[in-house]
>>> print(open('query_6.cif').read())   # mmCIF, C-alpha atoms
data_protein
#
loop_
_atom_site.group_PDB
_atom_site.id
_atom_site.type_symbol
_atom_site.label_atom_id
_atom_site.label_comp_id
_atom_site.auth_asym_id
_atom_site.auth_seq_id
_atom_site.Cartn_x
_atom_site.Cartn_y
_atom_site.Cartn_z
ATOM 1 C CA MET G 1 16.084 18.177 -12.988
ATOM 2 C CA LYS G 2 12.485 18.264 -14.204
ATOM 3 C CA ILE G 3 9.823 18.168 -11.491
ATOM 4 C CA ALA G 4 6.083 17.537 -11.620
ATOM 5 C CA LEU G 5 4.619 19.457 -8.668
ATOM 6 C CA LEU G 6 1.146 18.147 -7.843
ATOM 7 C CA GLY G 7 -1.054 20.590 -5.940
ATOM 8 C CA THR G 8 -1.625 24.335 -5.890
ATOM 9 C CA ASN G 9 -2.401 24.837 -2.188
ATOM 10 C CA PHE G 10 0.350 23.570 0.092
ATOM 11 C CA GLY G 11 2.339 22.997 -3.069
ATOM 12 C CA GLN G 12 3.107 26.703 -2.907
ATOM 13 C CA ALA G 13 5.502 26.096 0.017
ATOM 14 C CA HIS G 14 7.596 23.817 -2.186
ATOM 15 C CA ALA G 15 7.082 26.060 -5.217
ATOM 16 C CA ALA G 16 8.692 29.004 -3.428
ATOM 17 C CA VAL G 17 11.832 26.935 -2.868
ATOM 18 C CA TYR G 18 12.004 25.647 -6.435
ATOM 19 C CA ALA G 19 11.452 29.153 -7.823
ATOM 20 C CA ALA G 20 14.633 30.355 -6.126
ATOM 21 C CA ARG G 21 16.739 27.679 -7.847
ATOM 22 C CA ASP G 22 18.187 27.623 -11.339
ATOM 23 C CA ASP G 23 18.781 23.858 -11.520
ATOM 24 C CA VAL G 24 15.140 22.707 -11.711
ATOM 25 C CA ASP G 25 12.383 22.900 -14.318
ATOM 26 C CA VAL G 26 8.947 22.736 -12.669
ATOM 27 C CA VAL G 27 5.496 22.049 -14.067
ATOM 28 C CA MET G 28 2.666 22.681 -11.591
ATOM 29 C CA PHE G 29 -0.375 20.416 -11.866
ATOM 30 C CA GLY G 30 -3.834 21.289 -10.534
ATOM 31 C CA ARG G 31 -7.483 20.495 -11.206
ATOM 32 C CA ASP G 32 -8.706 24.074 -11.639
ATOM 33 C CA ALA G 33 -7.212 25.461 -14.853
ATOM 34 C CA ASP G 34 -7.566 29.138 -13.889
ATOM 35 C CA LYS G 35 -6.177 28.724 -10.369
ATOM 36 C CA THR G 36 -3.339 26.507 -11.568
ATOM 37 C CA ALA G 37 -2.364 29.016 -14.237
ATOM 38 C CA GLN G 38 -2.462 31.865 -11.732
ATOM 39 C CA VAL G 39 -0.353 30.094 -9.087
ATOM 40 C CA ALA G 40 2.104 28.658 -11.596
ATOM 41 C CA ASP G 41 2.603 32.063 -13.171
ATOM 42 C CA GLN G 42 3.326 33.544 -9.736
ATOM 43 C CA PHE G 43 6.368 31.274 -9.496
ATOM 44 C CA GLY G 44 7.340 31.329 -13.162
ATOM 45 C CA PHE G 45 6.289 27.705 -13.769
ATOM 46 C CA THR G 46 4.369 25.987 -16.543
ATOM 47 C CA ALA G 47 0.789 25.067 -15.601
ATOM 48 C CA ALA G 48 -0.936 21.782 -16.436
ATOM 49 C CA THR G 49 -4.220 20.051 -15.584
ATOM 50 C CA ASP G 50 -3.637 16.630 -17.181
ATOM 51 C CA LEU G 51 -2.406 14.707 -14.134
ATOM 52 C CA ASP G 52 -1.650 11.605 -16.207
ATOM 53 C CA ALA G 53 1.142 13.528 -17.955
ATOM 54 C CA ALA G 54 3.064 13.788 -14.682
ATOM 55 C CA PHE G 55 3.534 10.020 -14.772
ATOM 56 C CA ALA G 56 3.502 9.293 -18.507
ATOM 57 C CA ASP G 57 5.992 11.972 -19.565
ATOM 58 C CA ASP G 58 9.477 10.440 -19.470
ATOM 59 C CA SER G 59 11.073 13.867 -19.076
ATOM 60 C CA PHE G 60 9.969 14.160 -15.417
ATOM 61 C CA ASP G 61 12.585 12.979 -12.929
ATOM 62 C CA LEU G 62 10.731 13.705 -9.675
ATOM 63 C CA VAL G 63 7.045 13.787 -8.754
ATOM 64 C CA ASP G 64 6.367 16.075 -5.765
ATOM 65 C CA VAL G 65 3.022 15.156 -4.163
ATOM 66 C CA CYS G 66 1.395 18.081 -2.317
ATOM 67 C CA LEU G 67 -2.175 16.777 -2.401
ATOM 68 C CA PRO G 68 -4.684 15.813 0.348
ATOM 69 C CA ILE G 69 -3.556 13.006 2.663
ATOM 70 C CA ALA G 70 -5.790 10.398 1.027
ATOM 71 C CA LEU G 71 -3.780 10.797 -2.185
ATOM 72 C CA HIS G 72 -0.261 10.666 -0.741
ATOM 73 C CA THR G 73 0.312 6.921 -0.936
ATOM 74 C CA PRO G 74 -1.645 6.296 -4.184
ATOM 75 C CA MET G 75 0.255 9.043 -6.013
ATOM 76 C CA ALA G 76 3.610 7.944 -4.577
ATOM 77 C CA LEU G 77 3.002 4.356 -5.662
ATOM 78 C CA ARG G 78 1.915 5.526 -9.092
ATOM 79 C CA ALA G 79 5.093 7.560 -9.434
ATOM 80 C CA LEU G 80 7.228 4.554 -8.528
ATOM 81 C CA GLU G 81 5.376 2.387 -11.030
ATOM 82 C CA ALA G 82 6.122 5.019 -13.678
ATOM 83 C CA GLY G 83 9.831 4.907 -12.815
ATOM 84 C CA LYS G 84 9.936 8.322 -11.109
ATOM 85 C CA HIS G 85 11.560 9.458 -7.908
ATOM 86 C CA VAL G 86 8.911 10.785 -5.529
ATOM 87 C CA LEU G 87 8.644 13.320 -2.708
ATOM 88 C CA THR G 88 5.377 13.088 -0.796
ATOM 89 C CA GLU G 89 3.938 15.413 1.793
ATOM 90 C CA LEU G 90 3.418 14.166 5.326
ATOM 91 C CA PRO G 91 1.909 12.093 6.684
ATOM 92 C CA MET G 92 2.888 9.637 3.971
ATOM 93 C CA ALA G 93 -0.293 7.562 4.404
ATOM 94 C CA ARG G 94 -3.728 7.607 6.000
ATOM 95 C CA SER G 95 -3.391 4.114 7.480
ATOM 96 C CA LEU G 96 -0.631 1.859 8.751
ATOM 97 C CA GLU G 97 -1.438 -0.637 6.006
ATOM 98 C CA GLU G 98 -0.907 2.065 3.374
ATOM 99 C CA GLY G 99 2.292 3.188 5.040
ATOM 100 C CA ARG G 100 3.709 -0.325 5.072
ATOM 101 C CA ARG G 101 2.752 -0.740 1.429
ATOM 102 C CA LEU G 102 4.729 2.388 0.545
ATOM 103 C CA VAL G 103 7.687 1.242 2.651
ATOM 104 C CA ALA G 104 7.738 -2.096 0.842
ATOM 105 C CA ALA G 105 7.448 -0.454 -2.575
ATOM 106 C CA ALA G 106 10.252 1.993 -1.789
ATOM 107 C CA GLU G 107 12.581 -0.706 -0.466
ATOM 108 C CA SER G 108 12.075 -2.860 -3.567
ATOM 109 C CA SER G 109 12.501 0.030 -6.044
ATOM 110 C CA ASP G 110 15.624 1.527 -7.555
ATOM 111 C CA ARG G 111 13.924 4.938 -7.297
ATOM 112 C CA GLN G 112 14.223 7.265 -4.303
ATOM 113 C CA VAL G 113 11.171 7.945 -2.110
ATOM 114 C CA PHE G 114 11.213 10.936 0.219
ATOM 115 C CA VAL G 115 8.698 11.899 2.923
ATOM 116 C CA ASP G 116 8.593 15.620 3.688
ATOM 117 C CA MET G 117 9.661 15.330 7.331
ATOM 118 C CA PHE G 118 10.677 18.985 7.158
ATOM 119 C CA GLU G 119 11.009 19.476 10.918
ATOM 120 C CA ARG G 120 14.061 17.215 10.871
ATOM 121 C CA PHE G 121 15.836 20.085 9.125
ATOM 122 C CA ILE G 122 15.089 22.694 11.813
ATOM 123 C CA PRO G 123 18.427 23.404 13.568
ATOM 124 C CA ALA G 124 16.884 23.364 17.057
ATOM 125 C CA ASN G 125 15.434 19.915 16.390
ATOM 126 C CA GLN G 126 18.767 18.730 15.037
ATOM 127 C CA ALA G 127 20.366 19.987 18.262
ATOM 128 C CA LEU G 128 17.962 17.794 20.251
ATOM 129 C CA ASP G 129 18.698 14.785 18.030
ATOM 130 C CA GLU G 130 22.431 15.312 18.588
ATOM 131 C CA ALA G 131 22.055 15.749 22.357
ATOM 132 C CA VAL G 132 20.091 12.490 22.619
ATOM 133 C CA ARG G 133 22.488 10.626 20.344
ATOM 134 C CA ASN G 134 25.652 11.857 22.112
ATOM 135 C CA GLY G 135 24.320 11.941 25.670
ATOM 136 C CA THR G 136 25.400 15.581 25.928
ATOM 137 C CA TYR G 137 23.099 16.274 28.899
ATOM 138 C CA GLY G 138 22.703 12.716 30.116
ATOM 139 C CA GLN G 139 19.577 10.580 29.729
ATOM 140 C CA LEU G 140 16.431 12.133 28.240
ATOM 141 C CA GLU G 141 13.692 11.795 30.867
ATOM 142 C CA GLU G 142 10.972 14.246 29.792
ATOM 143 C CA LEU G 143 10.107 15.779 26.419
ATOM 144 C CA THR G 144 7.295 18.256 25.845
ATOM 145 C CA CYS G 145 6.464 19.470 22.330
ATOM 146 C CA TRP G 146 3.838 22.136 21.715
ATOM 147 C CA SER G 147 2.359 24.100 18.851
ATOM 148 C CA ALA G 148 -0.344 26.766 18.932
ATOM 149 C CA MET G 149 -1.596 28.687 15.946
ATOM 150 C CA ALA G 150 -4.145 31.094 14.558
ATOM 151 C CA PRO G 151 -6.115 30.218 11.388
ATOM 152 C CA LEU G 152 -3.243 31.405 9.173
ATOM 153 C CA TRP G 153 -4.236 29.470 6.081
ATOM 154 C CA PRO G 154 -7.667 30.443 4.669
ATOM 155 C CA GLY G 155 -9.842 27.464 3.873
ATOM 156 C CA ALA G 156 -7.781 25.013 5.950
ATOM 157 C CA SER G 157 -9.673 23.212 8.708
ATOM 158 C CA LEU G 158 -7.778 22.717 11.961
ATOM 159 C CA GLY G 159 -10.466 21.186 14.131
ATOM 160 C CA ALA G 160 -9.596 18.616 16.785
ATOM 161 C CA LYS G 161 -10.558 15.710 14.541
ATOM 162 C CA VAL G 162 -7.899 16.552 11.942
ATOM 163 C CA LEU G 163 -5.169 17.962 14.206
ATOM 164 C CA PRO G 164 -3.317 14.670 14.835
ATOM 165 C CA MET G 165 -2.747 13.984 11.126
ATOM 166 C CA GLU G 166 -2.505 17.596 9.981
ATOM 167 C CA ALA G 167 -0.524 19.219 12.795
ATOM 168 C CA MET G 168 0.900 16.774 15.384
ATOM 169 C CA HIS G 169 2.726 14.373 13.091
ATOM 170 C CA SER G 170 6.042 16.270 12.901
ATOM 171 C CA ASP G 171 6.347 16.646 16.672
ATOM 172 C CA LEU G 172 5.521 12.964 17.101
ATOM 173 C CA ASP G 173 8.386 12.203 14.716
ATOM 174 C CA LEU G 174 10.680 14.214 16.999
ATOM 175 C CA ILE G 175 9.425 12.218 19.982
ATOM 176 C CA THR G 176 9.731 8.764 18.411
ATOM 177 C CA ARG G 177 13.220 9.501 17.119
ATOM 178 C CA ALA G 178 14.273 10.582 20.610
ATOM 179 C CA LEU G 179 12.492 7.949 22.693
ATOM 180 C CA GLY G 180 11.156 5.201 20.432
ATOM 181 C CA THR G 181 7.615 3.810 20.613
ATOM 182 C CA PRO G 182 5.575 4.530 23.773
ATOM 183 C CA HIS G 183 3.958 1.688 25.698
ATOM 184 C CA GLN G 184 1.122 3.929 26.907
ATOM 185 C CA VAL G 185 -0.713 6.868 25.268
ATOM 186 C CA HIS G 186 -3.408 9.014 26.871
ATOM 187 C CA VAL G 187 -5.203 11.600 24.723
ATOM 188 C CA THR G 188 -7.527 14.498 25.541
ATOM 189 C CA SER G 189 -9.122 16.974 23.146
ATOM 190 C CA VAL G 190 -11.444 19.948 22.985
ATOM 191 C CA GLU G 191 -13.257 21.438 20.018
ATOM 192 C CA ARG G 192 -14.557 24.985 19.632
ATOM 193 C CA ASN G 193 -16.104 24.077 16.288
ATOM 194 C CA ALA G 194 -15.311 21.905 13.269
ATOM 195 C CA ASP G 195 -12.364 24.139 12.330
ATOM 196 C CA ALA G 196 -10.760 24.976 15.687
ATOM 197 C CA GLY G 197 -9.709 22.795 18.582
ATOM 198 C CA ALA G 198 -6.865 21.390 20.646
ATOM 199 C CA VAL G 199 -5.380 17.948 21.283
ATOM 200 C CA GLU G 200 -2.885 16.785 23.902
ATOM 201 C CA ALA G 201 -1.231 13.385 24.121
ATOM 202 C CA VAL G 202 0.780 12.104 27.102
ATOM 203 C CA MET G 203 3.061 9.161 26.353
ATOM 204 C CA ALA G 204 4.928 6.797 28.661
ATOM 205 C CA PHE G 205 8.264 5.161 27.808
ATOM 206 C CA ASP G 206 10.693 3.128 29.862
ATOM 207 C CA GLY G 207 12.244 5.743 32.134
ATOM 208 C CA ALA G 208 10.739 8.720 30.326
ATOM 209 C CA ILE G 209 7.559 10.637 29.621
ATOM 210 C CA ALA G 210 6.592 12.799 26.641
ATOM 211 C CA ARG G 211 3.792 15.201 25.820
ATOM 212 C CA SER G 212 2.601 16.593 22.521
ATOM 213 C CA SER G 213 0.019 19.362 22.423
ATOM 214 C CA VAL G 214 -1.345 21.256 19.443
ATOM 215 C CA SER G 215 -3.985 23.974 19.354
ATOM 216 C CA SER G 216 -5.701 26.090 16.740
ATOM 217 C CA LEU G 217 -7.514 28.172 19.373
ATOM 218 C CA ARG G 218 -5.545 31.383 18.882
ATOM 219 C CA PRO G 219 -6.500 34.820 17.460
ATOM 220 C CA MET G 220 -4.904 35.956 14.216
ATOM 221 C CA PRO G 221 -2.342 38.329 15.821
ATOM 222 C CA TRP G 222 -0.861 35.321 17.651
ATOM 223 C CA GLY G 223 0.406 33.828 14.396
ATOM 224 C CA GLY G 224 2.054 30.480 14.967
ATOM 225 C CA ARG G 225 4.250 29.535 17.910
ATOM 226 C CA GLY G 226 5.753 26.318 19.181
ATOM 227 C CA GLY G 227 8.758 24.575 20.572
ATOM 228 C CA TYR G 228 9.925 21.908 22.957
ATOM 229 C CA THR G 229 11.376 21.429 26.431
ATOM 230 C CA ALA G 230 13.684 18.447 26.792
ATOM 231 C CA ALA G 231 14.660 17.556 30.355
ATOM 232 C CA PHE G 232 17.712 15.314 30.656
ATOM 233 C CA SER G 233 19.321 13.869 33.765
ATOM 234 C CA ASP G 234 22.028 16.577 33.593
ATOM 235 C CA GLY G 235 20.353 19.550 31.928
ATOM 236 C CA VAL G 236 17.532 21.027 29.896
ATOM 237 C CA LEU G 237 17.230 22.118 26.268
ATOM 238 C CA GLU G 238 14.382 24.502 25.461
ATOM 239 C CA SER G 239 13.386 25.744 22.016
ATOM 240 C CA VAL G 240 10.834 28.458 21.250
ATOM 241 C CA SER G 241 9.833 29.514 17.740
ATOM 242 C CA THR G 242 7.421 31.849 16.027
ATOM 243 C CA MET G 243 6.325 31.817 12.402
ATOM 244 C CA GLY G 244 3.945 33.395 9.917
ATOM 245 C CA TYR G 245 2.367 32.457 6.613
ATOM 246 C CA ASP G 246 5.671 31.515 4.978
ATOM 247 C CA GLY G 247 6.392 28.724 7.453
ATOM 248 C CA LYS G 248 9.855 30.122 8.198
ATOM 249 C CA PRO G 249 10.342 30.212 11.968
ATOM 250 C CA THR G 250 12.399 32.496 14.143
ATOM 251 C CA THR G 251 13.821 30.204 16.800
ATOM 252 C CA SER G 252 15.774 30.486 20.032
ATOM 253 C CA LEU G 253 17.435 27.593 21.848
ATOM 254 C CA THR G 254 18.516 27.643 25.491
ATOM 255 C CA ALA G 255 20.612 25.115 27.381
ATOM 256 C CA CYS G 256 20.414 24.986 31.168
ATOM 257 C CA THR G 257 22.789 22.887 33.276
ATOM 258 C CA GLY G 258 24.168 23.000 36.800
ATOM 259 C CA GLU G 259 26.695 25.529 35.537
ATOM 260 C CA GLY G 260 24.017 27.990 34.413
ATOM 261 C CA THR G 261 21.925 28.945 31.394
ATOM 262 C CA GLN G 262 23.173 29.946 27.970
ATOM 263 C CA GLU G 263 21.781 30.653 24.533
ATOM 264 C CA VAL G 264 22.772 28.135 21.889
ATOM 265 C CA GLU G 265 23.714 29.712 18.590
ATOM 266 C CA LEU G 266 21.719 28.332 15.670
ATOM 267 C CA PRO G 267 22.319 28.663 11.932
ATOM 268 C CA PRO G 268 19.566 30.359 9.875
ATOM 269 C CA ALA G 269 16.487 28.133 9.640
ATOM 270 C CA ASP G 270 14.479 27.490 6.485
ATOM 271 C CA GLN G 271 13.333 23.922 6.795
ATOM 272 C CA TYR G 272 11.598 23.646 3.417
ATOM 273 C CA THR G 273 14.672 24.890 1.566
ATOM 274 C CA ALA G 274 16.881 22.516 3.544
ATOM 275 C CA MET G 275 14.536 19.574 2.960
ATOM 276 C CA ILE G 276 14.367 20.125 -0.806
ATOM 277 C CA GLU G 277 18.124 20.686 -1.012
ATOM 278 C CA HIS G 278 18.541 17.326 0.723
ATOM 279 C CA VAL G 279 16.218 15.668 -1.815
ATOM 280 C CA LEU G 280 18.152 17.096 -4.745
ATOM 281 C CA ALA G 281 21.517 16.247 -3.162
ATOM 282 C CA VAL G 282 20.418 12.620 -2.797
ATOM 283 C CA LEU G 283 19.309 12.542 -6.423
ATOM 284 C CA ARG G 284 22.699 13.969 -7.436
ATOM 285 C CA GLY G 285 24.370 11.135 -5.537
ATOM 286 C CA GLU G 286 25.855 13.474 -2.922
ATOM 287 C CA ALA G 287 23.951 12.285 0.180
ATOM 288 C CA ASP G 288 22.081 9.340 1.646
ATOM 289 C CA ASN G 289 18.293 9.610 1.969
ATOM 290 C CA GLN G 290 17.458 10.659 5.552
ATOM 291 C CA ILE G 291 13.677 10.948 5.033
ATOM 292 C CA THR G 292 12.727 7.526 3.707
ATOM 293 C CA PRO G 293 9.277 6.011 4.299
ATOM 294 C CA THR G 294 10.917 3.445 6.598
ATOM 295 C CA SER G 295 12.273 6.232 8.807
ATOM 296 C CA ALA G 296 8.804 7.808 9.070
ATOM 297 C CA LEU G 297 6.851 4.655 9.931
ATOM 298 C CA ASP G 298 7.123 4.855 13.749
ATOM 299 C CA ALA G 299 5.819 8.441 13.759
ATOM 300 C CA LEU G 300 2.979 7.456 11.426
ATOM 301 C CA GLN G 301 1.976 4.577 13.693
ATOM 302 C CA LEU G 302 1.904 6.839 16.767
ATOM 303 C CA THR G 303 0.014 9.575 14.888
ATOM 304 C CA LEU G 304 -2.638 7.078 13.781
ATOM 305 C CA ARG G 305 -2.926 5.790 17.347
ATOM 306 C CA ILE G 306 -3.651 9.298 18.620
ATOM 307 C CA ASP G 307 -5.943 10.063 15.678
ATOM 308 C CA GLN G 308 -7.985 6.962 16.475
ATOM 309 C CA GLN G 309 -8.422 8.015 20.095
ATOM 310 C CA VAL G 310 -9.486 11.537 19.133
ATOM 311 C CA ASN G 311 -11.986 10.398 16.544
ATOM 312 C CA SER G 312 -13.411 7.392 18.378
ATOM 313 C CA GLY G 313 -13.623 9.047 21.773
ATOM 314 C CA ASP G 314 -11.685 6.154 23.366
#
>>> encode(input="query_6.cif", output="structure tokens")
Amino acid sequence: MKIALLGTNFGQAHAAVYAARDDVDVVMFGRDADKTAQVADQFGFTAATDLDAAFADDSFDLVDVCLPIALHTPMALRALEAGKHVLTELPMARSLEEGRRLVAAAESSDRQVFVDMFERFIPANQALDEAVRNGTYGQLEELTCWSAMAPLWPGASLGAKVLPMEAMHSDLDLITRALGTPHQVHVTSVERNADAGAVEAVMAFDGAIARSSVSSLRPMPWGGRGGYTAAFSDGVLESVSTMGYDGKPTTSLTACTGEGTQEVELPPADQYTAMIEHVLAVLRGEADNQITPTSALDALQLTLRIDQQVNSGD
């Protein structure tokens, strides 16, 4: 499998996974020749700066888009037009119109389109999905998702105005998959400066409430922490995780029912490895695509709704 990896910043998270495999051939594309060569060499990849080659070269099977949000949909559409499979970073679009355009293009193409909804591959999140689907603890009535981080990634802005699109989207996917689309959303935010802030959204559903909070107001020793508390009619699931620069969390999951509290055993978690393995398994014909643009549209719509409230002040 030959892969065109677009982007040398967050692209490094995907690059680390590809570098550990022996069934892929990766070319890393970037605008800065020196930086691209340096990063590509770190992972043992070929470096390139001619972006057009990623689409024109028939030898590429998959285009992996790890570029700024404004380029996600345009690059994904270009890849489809060139007859390539495409994996795009999240969120898949910067507007609902763009998102629907990508959904339509994916559904009418014979190529696979994947959205990097990596949190779907975190075992604790999969445990919540299963509990909701099977009614293990009864009806889900309250879901709180939270994430708080230090400025772990130099040069990345995590001010309140960008937090919904840059940091809340995955948790909102967890919420919409569990509860659907809310009929009411109330958002509050605070900003220390242009690069640090916090946002909280409270959402109302029929018979349930959900909260999503994200903050970048933490000192460096804090690292990154997050999790969820899911209150059902017959019990509670609570997940707590910590992570560092590599994005690989250490997670605990606790179940509490009328019979007591117990730790839930989880398999090792490496969501980026699991996500990319899923992509490659689909392309090998061994699995059905679980991260299609269609499956990500509800979360995108809710994220944009919150983003609009934060940035308009409504």
>>> resolve_selection(input="query_6.cif", expression="the PyMOL selection byres ((chain G and resi 195) around 8)", output="list in words")
Ala156, Ser157, Leu158, Gly159, Ala160, Arg192, Asn193, Ala194, Ala196 and Gly197 of chain G
>>> closest_residue(input="query_6.cif", among="G:Pro68, G:Pro267, G:Gly235, G:Pro91", to="Leu304 of chain G", atoms="all atoms listed in the file")
G:Pro91
>>> closest_residue(input="query_6.cif", among="G:Glu265, G:Glu166, G:Asp25, G:Asp32", to="Asp61 of chain G", atoms="only C-alpha atoms")
G:Asp25
>>> resolve_selection(input="query_6.cif", expression="the PyMOL selection byres ((chain G and resi 41-52) around 12)", output="number ranges by chain")
G: 2-8, 11-22, 24-40, 53-58, 60, 63, 65, 67, 75, 78-79, 82
>>> atom_distance(input="query_6.cif", atom1="atom CA of Ser241 of chain G", atom2="atom CA of Gln308 of chain G")
28.8 Å
>>> residues_around(input="query_6.cif", residues="segment 131-148 of chain G", least_positions_apart="3", cutoff="10 Å", atoms="all atoms listed in the file", output="mmCIF file with C-alpha atoms, in the frame of the given file")
data_model
loop_
_atom_site.group_PDB
_atom_site.id
_atom_site.type_symbol
_atom_site.label_atom_id
_atom_site.label_comp_id
_atom_site.auth_asym_id
_atom_site.auth_seq_id
_atom_site.Cartn_x
_atom_site.Cartn_y
_atom_site.Cartn_z
ATOM 1 C CA ASN G 125 15.434 19.915 16.390
ATOM 2 C CA GLN G 126 18.767 18.730 15.037
ATOM 3 C CA ALA G 127 20.366 19.987 18.262
ATOM 4 C CA LEU G 128 17.962 17.794 20.251
ATOM 5 C CA ALA G 167 -0.524 19.219 12.795
ATOM 6 C CA MET G 168 0.900 16.774 15.384
ATOM 7 C CA SER G 170 6.042 16.270 12.901
ATOM 8 C CA ASP G 171 6.347 16.646 16.672
ATOM 9 C CA LEU G 172 5.521 12.964 17.101
ATOM 10 C CA LEU G 174 10.680 14.214 16.999
ATOM 11 C CA ILE G 175 9.425 12.218 19.982
ATOM 12 C CA ARG G 177 13.220 9.501 17.119
ATOM 13 C CA ALA G 178 14.273 10.582 20.610
ATOM 14 C CA LEU G 179 12.492 7.949 22.693
ATOM 15 C CA ALA G 198 -6.865 21.390 20.646
ATOM 16 C CA GLU G 200 -2.885 16.785 23.902
ATOM 17 C CA ALA G 201 -1.231 13.385 24.121
ATOM 18 C CA VAL G 202 0.780 12.104 27.102
ATOM 19 C CA MET G 203 3.061 9.161 26.353
ATOM 20 C CA ALA G 204 4.928 6.797 28.661
ATOM 21 C CA PHE G 205 8.264 5.161 27.808
ATOM 22 C CA ASP G 206 10.693 3.128 29.862
ATOM 23 C CA GLY G 207 12.244 5.743 32.134
ATOM 24 C CA ALA G 208 10.739 8.720 30.326
ATOM 25 C CA ILE G 209 7.559 10.637 29.621
ATOM 26 C CA ALA G 210 6.592 12.799 26.641
ATOM 27 C CA ARG G 211 3.792 15.201 25.820
ATOM 28 C CA SER G 212 2.601 16.593 22.521
ATOM 29 C CA SER G 213 0.019 19.362 22.423
ATOM 30 C CA VAL G 214 -1.345 21.256 19.443
ATOM 31 C CA SER G 215 -3.985 23.974 19.354
ATOM 32 C CA SER G 216 -5.701 26.090 16.740
ATOM 33 C CA LEU G 217 -7.514 28.172 19.373
ATOM 34 C CA ARG G 218 -5.545 31.383 18.882
ATOM 35 C CA TRP G 222 -0.861 35.321 17.651
ATOM 36 C CA GLY G 223 0.406 33.828 14.396
ATOM 37 C CA GLY G 224 2.054 30.480 14.967
ATOM 38 C CA ARG G 225 4.250 29.535 17.910
ATOM 39 C CA GLY G 226 5.753 26.318 19.181
ATOM 40 C CA GLY G 227 8.758 24.575 20.572
ATOM 41 C CA TYR G 228 9.925 21.908 22.957
ATOM 42 C CA THR G 229 11.376 21.429 26.431
ATOM 43 C CA ALA G 230 13.684 18.447 26.792
ATOM 44 C CA ALA G 231 14.660 17.556 30.355
ATOM 45 C CA PHE G 232 17.712 15.314 30.656
ATOM 46 C CA SER G 233 19.321 13.869 33.765
ATOM 47 C CA ASP G 234 22.028 16.577 33.593
ATOM 48 C CA GLY G 235 20.353 19.550 31.928
ATOM 49 C CA VAL G 236 17.532 21.027 29.896
ATOM 50 C CA LEU G 237 17.230 22.118 26.268
ATOM 51 C CA GLU G 238 14.382 24.502 25.461
ATOM 52 C CA SER G 239 13.386 25.744 22.016
ATOM 53 C CA VAL G 240 10.834 28.458 21.250
ATOM 54 C CA SER G 241 9.833 29.514 17.740
ATOM 55 C CA THR G 242 7.421 31.849 16.027
ATOM 56 C CA ALA G 255 20.612 25.115 27.381
ATOM 57 C CA CYS G 256 20.414 24.986 31.168
ATOM 58 C CA THR G 257 22.789 22.887 33.276
#
>>> residues_around(input="query_6.cif", residues="Leu266 of chain G", least_positions_apart="3", cutoff="12 Å", atoms="all atoms listed in the file", output="number ranges by chain")
G: 122-127, 239, 250-254, 263, 269-270
>>> axis_aligned_box(input="query_6.cif", around="segment 56-62 of chain G", padding_each_side="4 Å", output="lines of an AutoDock Vina configuration file")
center_x = 8.0
center_y = 11.7
center_z = -14.6
size_x = 17.1
size_y = 12.9
size_z = 17.9
>>> resolve_selection(input="query_6.cif", expression="the PyMOL selection byres ((chain G and resi 187) around 8)", output="list in words")
Val185, His186, Thr188, Ser189, Val199, Glu200, Ala201, Val202, Ile306, Gln309 and Val310 of chain G
>>> residues_around(input="query_6.cif", residues="Leu300 of chain G", least_positions_apart="2", cutoff="8 Å", atoms="all atoms listed in the file", output="list in words")
Pro91, Met92, Ala93, Leu96, Gly99, His169, Asp173, Ala296, Leu297, Asp298, Leu302, Thr303 and Leu304 of chain G
>>> atom_distance(input="query_6.cif", atom1="atom CA of Asn289 of chain G", atom2="atom CA of Phe114 of chain G")
7.4 Å
>>> closest_residue(input="query_6.cif", among="G:Glu259, G:Glu286, G:Asp116, G:Asp64", to="Ala274 of chain G", atoms="all atoms listed in the file")
G:Asp116
>>> atom_distance(input="query_6.cif", atom1="atom CA of Met117 of chain G", atom2="atom CA of His278 of chain G")
11.2 Å
>>> residues_around(input="query_6.cif", residues="Val103 of chain G", least_positions_apart="6", cutoff="9 Å", atoms="only C-alpha atoms", output="ChimeraX atom specification")
/G:113,292-294,297
>>> residues_around(input="query_6.cif", residues="Ala287 of chain G", least_positions_apart="6", cutoff="12 Å", atoms="all atoms listed in the file", output="PyMOL selection string")
chain G and resi 112+277-281
>>> closest_residue(input="query_6.cif", among="G:Pro151, G:Val162, G:Leu90, G:Thr176", to="Asp129 of chain G", atoms="only C-alpha atoms")
G:Thr176
>>> build_atoms(input="query_6.cif", residues="segment 44-48 of chain G", atoms="N, CA, C and O atoms", output="PDB file, in the coordinates of the input")
ATOM      1  N   GLY G  44       6.617  31.464 -11.903  1.00  0.00           N
ATOM      2  CA  GLY G  44       7.340  31.329 -13.162  1.00  0.00           C
ATOM      3  C   GLY G  44       7.365  29.912 -13.698  1.00  0.00           C
ATOM      4  O   GLY G  44       8.285  29.538 -14.445  1.00  0.00           O
ATOM      5  N   PHE G  45       6.352  29.094 -13.344  1.00  0.00           N
ATOM      6  CA  PHE G  45       6.289  27.705 -13.769  1.00  0.00           C
ATOM      7  C   PHE G  45       5.294  27.534 -14.916  1.00  0.00           C
ATOM      8  O   PHE G  45       4.427  28.378 -15.149  1.00  0.00           O
ATOM      9  N   THR G  46       5.379  26.404 -15.575  1.00  0.00           N
ATOM     10  CA  THR G  46       4.369  25.987 -16.543  1.00  0.00           C
ATOM     11  C   THR G  46       3.201  25.374 -15.783  1.00  0.00           C
ATOM     12  O   THR G  46       3.404  24.679 -14.777  1.00  0.00           O
ATOM     13  N   ALA G  47       1.983  25.615 -16.234  1.00  0.00           N
ATOM     14  CA  ALA G  47       0.789  25.067 -15.601  1.00  0.00           C
ATOM     15  C   ALA G  47       0.241  23.912 -16.425  1.00  0.00           C
ATOM     16  O   ALA G  47       0.327  23.915 -17.663  1.00  0.00           O
ATOM     17  N   ALA G  48      -0.344  22.922 -15.749  1.00  0.00           N
ATOM     18  CA  ALA G  48      -0.936  21.782 -16.436  1.00  0.00           C
ATOM     19  C   ALA G  48      -2.089  21.226 -15.612  1.00  0.00           C
ATOM     20  O   ALA G  48      -2.081  21.312 -14.377  1.00  0.00           O
TER      21      ALA G  48
END
